[in-house]
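To be precise, the following lines are data_16.pdb, and they hold PDB, C-alpha atoms.
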```pdb
MODEL        1
ATOM      1  CA  MET A   1      46.854  81.979  66.377
ATOM      2  CA  ALA A   2      44.195  79.484  65.294
ATOM      3  CA  GLU A   3      42.548  80.134  61.956
ATOM      4  CA  ILE A   4      38.878  81.036  62.140
ATOM      5  CA  ASN A   5      36.580  79.557  59.531
ATOM      6  CA  PRO A   6      35.005  82.477  57.622
ATOM      7  CA  SER A   7      31.537  81.060  57.929
ATOM      8  CA  LYS A   8      30.069  82.690  61.026
ATOM      9  CA  THR A   9      28.218  85.927  61.489
ATOM     10  CA  ILE A  10      28.486  87.036  65.093
ATOM     11  CA  VAL A  11      26.257  89.703  66.622
ATOM     12  CA  VAL A  12      27.378  91.296  69.897
ATOM     13  CA  SER A  13      26.546  94.124  72.237
ATOM     14  CA  TYR A  14      29.451  95.727  74.070
ATOM     15  CA  ASP A  15      30.937  98.693  75.858
ATOM     16  CA  MET A  16      34.437  99.599  74.676
ATOM     17  CA  TYR A  17      36.789 101.444  77.003
ATOM     18  CA  THR A  18      40.232 103.011  76.883
ATOM     19  CA  GLU A  19      42.219 104.170  79.901
ATOM     20  CA  PHE A  20      42.738 107.804  80.707
ATOM     21  CA  GLU A  21      44.862 108.710  83.731
ATOM     22  CA  GLY A  22      44.340 105.228  85.188
ATOM     23  CA  GLU A  23      40.545 105.311  84.814
ATOM     24  CA  ARG A  24      38.437 103.513  82.227
ATOM     25  CA  GLU A  25      36.719 105.827  79.779
ATOM     26  CA  LEU A  26      33.758 104.641  77.686
ATOM     27  CA  VAL A  27      34.474 105.449  74.019
ATOM     28  CA  GLU A  28      32.011 103.274  72.095
ATOM     29  CA  GLN A  29      28.873 101.307  72.733
ATOM     30  CA  ALA A  30      27.037  98.710  70.660
ATOM     31  CA  THR A  31      23.668  98.080  72.307
ATOM     32  CA  ALA A  32      21.325  95.105  71.963
ATOM     33  CA  GLU A  33      19.057  97.423  69.931
ATOM     34  CA  GLN A  34      21.935  98.531  67.689
ATOM     35  CA  PRO A  35      24.488  95.707  67.952
ATOM     36  CA  PHE A  36      27.803  95.177  66.189
ATOM     37  CA  GLN A  37      27.741  92.403  63.573
ATOM     38  CA  PHE A  38      30.743  90.882  61.827
ATOM     39  CA  THR A  39      31.576  87.906  59.662
ATOM     40  CA  THR A  40      34.682  86.040  60.788
ATOM     41  CA  GLY A  41      37.737  85.504  58.634
ATOM     42  CA  LEU A  42      37.139  88.234  56.079
ATOM     43  CA  GLY A  43      39.445  90.889  57.493
ATOM     44  CA  PHE A  44      36.768  93.491  58.239
ATOM     45  CA  THR A  45      37.517  93.379  61.989
ATOM     46  CA  PHE A  46      40.747  93.007  63.927
ATOM     47  CA  GLU A  47      41.978  89.415  63.854
ATOM     48  CA  ALA A  48      42.641  89.516  67.613
ATOM     49  CA  PHE A  49      39.036  90.666  68.179
ATOM     50  CA  GLU A  50      37.635  87.743  66.168
ATOM     51  CA  GLU A  51      39.911  85.307  67.967
ATOM     52  CA  LYS A  52      38.223  86.170  71.280
ATOM     53  CA  PHE A  53      34.923  84.765  69.969
ATOM     54  CA  LYS A  54      36.089  81.438  68.551
ATOM     55  CA  ASP A  55      35.018  79.427  71.628
ATOM     56  CA  LEU A  56      32.038  81.546  72.708
ATOM     57  CA  LYS A  57      28.397  80.625  72.219
ATOM     58  CA  GLU A  58      25.222  82.638  71.905
ATOM     59  CA  GLY A  59      24.372  84.138  75.306
ATOM     60  CA  ASP A  60      27.980  84.091  76.587
ATOM     61  CA  THR A  61      29.442  87.237  78.073
ATOM     62  CA  PHE A  62      32.950  88.515  77.418
ATOM     63  CA  ASN A  63      35.462  90.814  79.044
ATOM     64  CA  PHE A  64      38.826  91.233  77.298
ATOM     65  CA  THR A  65      41.491  93.752  76.343
ATOM     66  CA  LEU A  66      43.199  94.135  72.979
ATOM     67  CA  THR A  67      46.585  95.828  72.986
ATOM     68  CA  LYS A  68      47.367  98.740  70.710
ATOM     69  CA  GLU A  69      49.603  96.355  68.733
ATOM     70  CA  GLU A  70      46.557  94.157  68.043
ATOM     71  CA  THR A  71      44.407  97.092  66.917
ATOM     72  CA  ASN A  72      45.400 100.554  65.634
ATOM     73  CA  GLY A  73      49.102 100.520  66.511
ATOM     74  CA  ASP A  74      51.125 103.322  67.998
ATOM     75  CA  ARG A  75      50.362 106.944  67.407
ATOM     76  CA  ARG A  76      52.711 108.277  64.709
ATOM     77  CA  GLU A  77      53.881 111.883  64.737
ATOM     78  CA  ASP A  78      54.729 111.694  61.013
ATOM     79  CA  LEU A  79      50.969 111.501  60.371
ATOM     80  CA  VAL A  80      50.520 114.993  61.841
ATOM     81  CA  PHE A  81      51.498 117.693  59.356
ATOM     82  CA  ASP A  82      50.652 121.094  57.924
ATOM     83  CA  VAL A  83      48.745 121.536  54.664
ATOM     84  CA  ASP A  84      48.566 124.790  52.698
ATOM     85  CA  LYS A  85      45.434 126.612  53.822
ATOM     86  CA  GLN A  86      44.604 127.523  50.194
ATOM     87  CA  ILE A  87      43.447 123.968  49.390
ATOM     88  CA  PHE A  88      40.508 124.525  51.734
ATOM     89  CA  CYS A  89      39.226 127.580  49.868
ATOM     90  CA  VAL A  90      35.866 127.482  48.109
ATOM     91  CA  ASN A  91      35.167 130.274  45.621
ATOM     92  CA  GLY A  92      38.243 132.113  46.909
ATOM     93  CA  LYS A  93      37.179 132.013  50.570
ATOM     94  CA  PHE A  94      38.543 129.740  53.320
ATOM     95  CA  ASP A  95      35.888 127.158  54.322
ATOM     96  CA  ASP A  96      35.716 127.881  58.051
ATOM     97  CA  LYS A  97      32.342 126.102  58.272
ATOM     98  CA  GLN A  98      34.137 122.742  57.716
ATOM     99  CA  ILE A  99      37.756 123.456  58.593
ATOM    100  CA  TYR A 100      38.016 124.102  62.315
ATOM    101  CA  PRO A 101      39.921 122.421  65.181
ATOM    102  CA  GLY A 102      38.326 119.154  66.273
ATOM    103  CA  ASN A 103      36.454 118.491  63.033
ATOM    104  CA  VAL A 104      37.124 115.294  61.082
ATOM    105  CA  ILE A 105      37.226 115.930  57.351
ATOM    106  CA  PRO A 106      37.391 113.656  54.295
ATOM    107  CA  LEU A 107      40.674 113.877  52.393
ATOM    108  CA  MET A 108      42.211 112.254  49.333
ATOM    109  CA  ASN A 109      45.897 111.688  48.630
ATOM    110  CA  ALA A 110      47.634 112.028  45.246
ATOM    111  CA  ASP A 111      46.853 108.358  44.468
ATOM    112  CA  GLY A 112      43.111 108.880  44.986
ATOM    113  CA  GLN A 113      43.046 107.016  48.313
ATOM    114  CA  ARG A 114      40.358 108.396  50.640
ATOM    115  CA  MET A 115      40.996 108.942  54.334
ATOM    116  CA  ASN A 116      39.743 111.010  57.235
ATOM    117  CA  GLY A 117      41.839 113.653  58.918
ATOM    118  CA  LEU A 118      41.365 115.512  62.167
ATOM    119  CA  VAL A 119      41.819 119.269  61.978
ATOM    120  CA  VAL A 120      44.212 120.029  64.835
ATOM    121  CA  GLU A 121      44.889 123.723  64.248
ATOM    122  CA  VAL A 122      44.103 126.469  61.740
ATOM    123  CA  LYS A 123      47.077 128.816  61.304
ATOM    124  CA  ASP A 124      47.544 131.921  59.178
ATOM    125  CA  GLU A 125      48.955 130.029  56.163
ATOM    126  CA  ALA A 126      48.385 126.346  56.998
ATOM    127  CA  VAL A 127      46.040 123.807  58.540
ATOM    128  CA  THR A 128      47.489 121.115  60.820
ATOM    129  CA  ILE A 129      45.973 117.701  60.022
ATOM    130  CA  ASP A 130      46.267 114.458  62.020
ATOM    131  CA  LEU A 131      45.785 111.221  60.042
ATOM    132  CA  ASN A 132      46.236 108.898  63.034
ATOM    133  CA  HIS A 133      43.251 106.729  63.927
ATOM    134  CA  PRO A 134      41.539 108.391  66.910
ATOM    135  CA  LEU A 135      42.321 105.305  69.034
ATOM    136  CA  ALA A 136      45.935 104.857  67.881
ATOM    137  CA  GLY A 137      48.190 104.166  70.839
ATOM    138  CA  GLU A 138      45.304 102.934  72.976
ATOM    139  CA  ASN A 139      44.560  99.492  74.402
ATOM    140  CA  LEU A 140      40.874  98.678  73.897
ATOM    141  CA  HIS A 141      38.844  96.945  76.606
ATOM    142  CA  PHE A 142      35.568  95.226  75.636
ATOM    143  CA  VAL A 143      32.788  94.090  77.978
ATOM    144  CA  GLY A 144      29.688  92.583  76.401
ATOM    145  CA  LYS A 145      27.488  89.712  75.364
ATOM    146  CA  VAL A 146      27.164  87.455  72.314
ATOM    147  CA  LEU A 147      23.624  87.988  71.013
ATOM    148  CA  ASN A 148      23.645  85.672  68.009
ATOM    149  CA  ILE A 149      25.952  83.356  66.081
ATOM    150  CA  ARG A 150      24.922  81.831  62.785
ATOM    151  CA  GLU A 151      26.389  80.159  59.750
ATOM    152  CA  VAL A 152      26.866  82.409  56.742
ATOM    153  CA  THR A 153      25.303  81.221  53.511
ATOM    154  CA  GLU A 154      27.418  80.748  50.394
ATOM    155  CA  GLY A 155      25.454  83.554  48.747
ATOM    156  CA  GLU A 156      26.280  85.938  51.595
ATOM    157  CA  LEU A 157      29.983  85.032  51.371
ATOM    158  CA  LYS A 158      29.974  85.678  47.627
ATOM    159  CA  ALA A 159      28.219  89.013  48.123
ATOM    160  CA  LEU A 160      30.702  90.035  50.840
ATOM    161  CA  HIS A 161      33.646  89.019  48.675
ATOM    162  CA  HIS A 162      32.196  90.755  45.614
ATOM    163  CA  ARG A 163      31.686  93.967  47.580
ATOM    164  CA  GLY A 164      35.324  93.746  48.687
ATOM    165  CA  CYS A 165      36.553  93.576  45.083
ATOM    166  CA  GLY A 166      34.689  96.705  44.094
ATOM    167  CA  GLY A 167      31.280  95.237  43.293
ATOM    168  CA  GLY A 168      31.846  95.618  39.574
ATOM    169  CA  CYS A 169      31.969  99.386  39.754
ATOM    170  CA  GLY A 170      35.615  99.728  38.839
ATOM    171  CA  GLY A 171      36.960  96.847  40.931
ATOM    172  CA  CYS A 172      36.113  93.823  38.804
ATOM    173  CA  LYS A 173      34.699  95.768  35.831
ATOM    174  CA  GLY A 174      31.389  93.920  35.448
ATOM    175  CA  SER A 175      32.194  90.429  36.654
ATOM    176  CA  CYS A 176      34.277  88.912  39.362
ATOM    177  CA  GLU A 177      36.305  85.881  38.341
ATOM    178  CA  ASP A 178      37.054  85.024  41.985
ATOM    179  CA  CYS A 179      33.430  84.731  43.064
ATOM    180  CA  GLY A 180      31.649  84.296  39.722
ATOM    181  CA  SER A 181      29.253  87.143  40.475
ATOM    182  CA  GLU A 182      27.959  89.504  37.853
ATOM    183  CA  CYS A 183      27.754  93.182  38.561
ATOM    184  CA  ASN A 184      24.269  94.606  38.268
ATOM    185  CA  CYS A 185      25.212  98.160  39.190
ATOM    186  CA  ASN A 186      26.745  99.222  35.845
TER     187      ASN A 186
ENDMDL
END
```

Please go through the file and, once you have read it, give me the structure as C-alpha cells.
Amino acid sequence: MAEINPSKTIVVSYDMYTEFEGERELVEQATAEQPFQFTTGLGFTFEAFEEKFKDLKEGDTFNFTLTKEETNGDRREDLVFDVDKQIFCVNGKFDDKQIYPGNVIPLMNADGQRMNGLVVEVKDEAVTIDLNHPLAGENLHFVGKVLNIREVTEGELKALHHRGCGGGCGGCKGSCEDCGSECNCN
C-alpha cells in the first residue's frame, strides 16, 4: 500500500451502507452540510479508507467497499459476556434508566481504559454486555463526493499530534518533546 503524506485535510459527504439479507442498508450519512473531515496519515481513520482518496480531487465522486478486515474486523464472541448486576446499582438500586437492552453505555476496565458496551440482556443476577464495534463483521460500502482537499499547516499538524499525546493533561505532563508544544490547559 502506498504511503500517504500526512499533509492533507479531506472533506467528504457520503452514504455508508452494509448488506443485510442481500440488500444494502444505509447505516451512516455525512451530508454536505455536516460532512466528514479527516487528516491523512495520522491514524484517525482506517488506512484503507484514506487510500481510496489518494488520487481523487475536489469535486470527484467515489463508490467503494472496504472489507471487514480493512475496518472493524470479525465479530468476536469472547467480547460478549455477563457482568454482575450489582455494579450497575446506584444508592442500592439497579439503574434501569440506563441499563436496558439496546442501550450503549460507557464502561472502564481495570486498567482505566474507557470503552462503550451494548447492553444485550438484563438477567436476574447479571447484565450481558457486548464490546464488539457495532459494525464488526460487516463490509462497509461508501458512495459520496470529495467536497474539499487542502494542505494542512504545520501548526495544525502540531496541534493534532499534541492532542494525540494527551495535550499536556496527563499525556505529556506540560510539554511535548515530540512536537515542542506547551500545554496551556494545566

- Determine, counting all atoms listed in the file, every residue of protein, DNA or RNA that lies within 9 Å of (25.4, 88.7, 63.1) in the file coordinates, then give the result as a ChimeraX atom specification. /A:8-12,35-39,147-150

- Message: Could you tell me, as JSON, numbers by chain, exactly which residues end up selected when the PyMOL selection byres ((chain A and resi 16) around 9) is applied to this structure?
- Response: {"A": [14, 15, 17, 18, 25, 26, 27, 28, 29, 30, 140, 141, 142, 143, 144]}

Only C-alpha atoms, please: the residues just picked out, written as a PDB file, in the frame of the given file.
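Contents of the output file selection-v5.pdb:
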```pdb
ATOM      1  CA  TYR A  14      29.451  95.727  74.070  1.00  0.00           C
ATOM      2  CA  ASP A  15      30.937  98.693  75.858  1.00  0.00           C
ATOM      3  CA  TYR A  17      36.789 101.444  77.003  1.00  0.00           C
ATOM      4  CA  THR A  18      40.232 103.011  76.883  1.00  0.00           C
ATOM      5  CA  GLU A  25      36.719 105.827  79.779  1.00  0.00           C
ATOM      6  CA  LEU A  26      33.758 104.641  77.686  1.00  0.00           C
ATOM      7  CA  VAL A  27      34.474 105.449  74.019  1.00  0.00           C
ATOM      8  CA  GLU A  28      32.011 103.274  72.095  1.00  0.00           C
ATOM      9  CA  GLN A  29      28.873 101.307  72.733  1.00  0.00           C
ATOM     10  CA  ALA A  30      27.037  98.710  70.660  1.00  0.00           C
ATOM     11  CA  LEU A 140      40.874  98.678  73.897  1.00  0.00           C
ATOM     12  CA  HIS A 141      38.844  96.945  76.606  1.00  0.00           C
ATOM     13  CA  PHE A 142      35.568  95.226  75.636  1.00  0.00           C
ATOM     14  CA  VAL A 143      32.788  94.090  77.978  1.00  0.00           C
ATOM     15  CA  GLY A 144      29.688  92.583  76.401  1.00  0.00           C
TER      16      GLY A 144
END
```

- To one decimal in Å, tell me the separation between atom CA of A:Leu56 and atom CA of A:Val152. 16.8 Å

- Item | Evaluate the PyMOL selection byres ((chain A and resi 108-122) around 10) and report residues as a list in words |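 Selection result, ordered by chain and number: Leu79, Val80, Phe81, Asp82, Val83, Lys85, Asp96, Gln98, Ile99, Tyr100, Pro101, Gly102, Asn103, Val104, Ile105, Pro106, Leu107, Lys123, Asp124, Glu125, Ala126, Val127, Thr128, Ile129, Asp130, Leu131, Asn132, His133 and Pro134 of chain A.
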
Step by step, work through what the PyMOL selection byres ((chain A and resi 61-71) around 7) selects in the shown file, and finish by giving those residues as a PDB file with C-alpha atoms, in the frame of the given file.
```pdb
ATOM      1  CA  PHE A  46      40.747  93.007  63.927  1.00  0.00           C
ATOM      2  CA  ALA A  48      42.641  89.516  67.613  1.00  0.00           C
ATOM      3  CA  GLY A  59      24.372  84.138  75.306  1.00  0.00           C
ATOM      4  CA  ASP A  60      27.980  84.091  76.587  1.00  0.00           C
ATOM      5  CA  ASN A  72      45.400 100.554  65.634  1.00  0.00           C
ATOM      6  CA  GLY A  73      49.102 100.520  66.511  1.00  0.00           C
ATOM      7  CA  ASP A  74      51.125 103.322  67.998  1.00  0.00           C
ATOM      8  CA  ALA A 136      45.935 104.857  67.881  1.00  0.00           C
ATOM      9  CA  GLY A 137      48.190 104.166  70.839  1.00  0.00           C
ATOM     10  CA  GLU A 138      45.304 102.934  72.976  1.00  0.00           C
ATOM     11  CA  ASN A 139      44.560  99.492  74.402  1.00  0.00           C
ATOM     12  CA  LEU A 140      40.874  98.678  73.897  1.00  0.00           C
ATOM     13  CA  HIS A 141      38.844  96.945  76.606  1.00  0.00           C
ATOM     14  CA  PHE A 142      35.568  95.226  75.636  1.00  0.00           C
ATOM     15  CA  VAL A 143      32.788  94.090  77.978  1.00  0.00           C
ATOM     16  CA  GLY A 144      29.688  92.583  76.401  1.00  0.00           C
ATOM     17  CA  LYS A 145      27.488  89.712  75.364  1.00  0.00           C
ATOM     18  CA  VAL A 146      27.164  87.455  72.314  1.00  0.00           C
TER      19      VAL A 146
END
```

- How many Å separate atom CA of A:Gly22 from atom CA of A:Phe49?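 Atom-to-atom, atom CA of A:Gly22 to atom CA of A:Phe49, that is 23.0 Å.
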
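Minimum atom-to-atom distance to A:Leu135, evaluated using all atoms listed in the file, belongs to A:Glu19 out of A:Asp95, A:Glu19, A:Glu47, A:Asp78.
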
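Atom CA of A:Glu151 to atom CA of A:Thr40 spans 10.2 Å [interatomic distance, one decimal].
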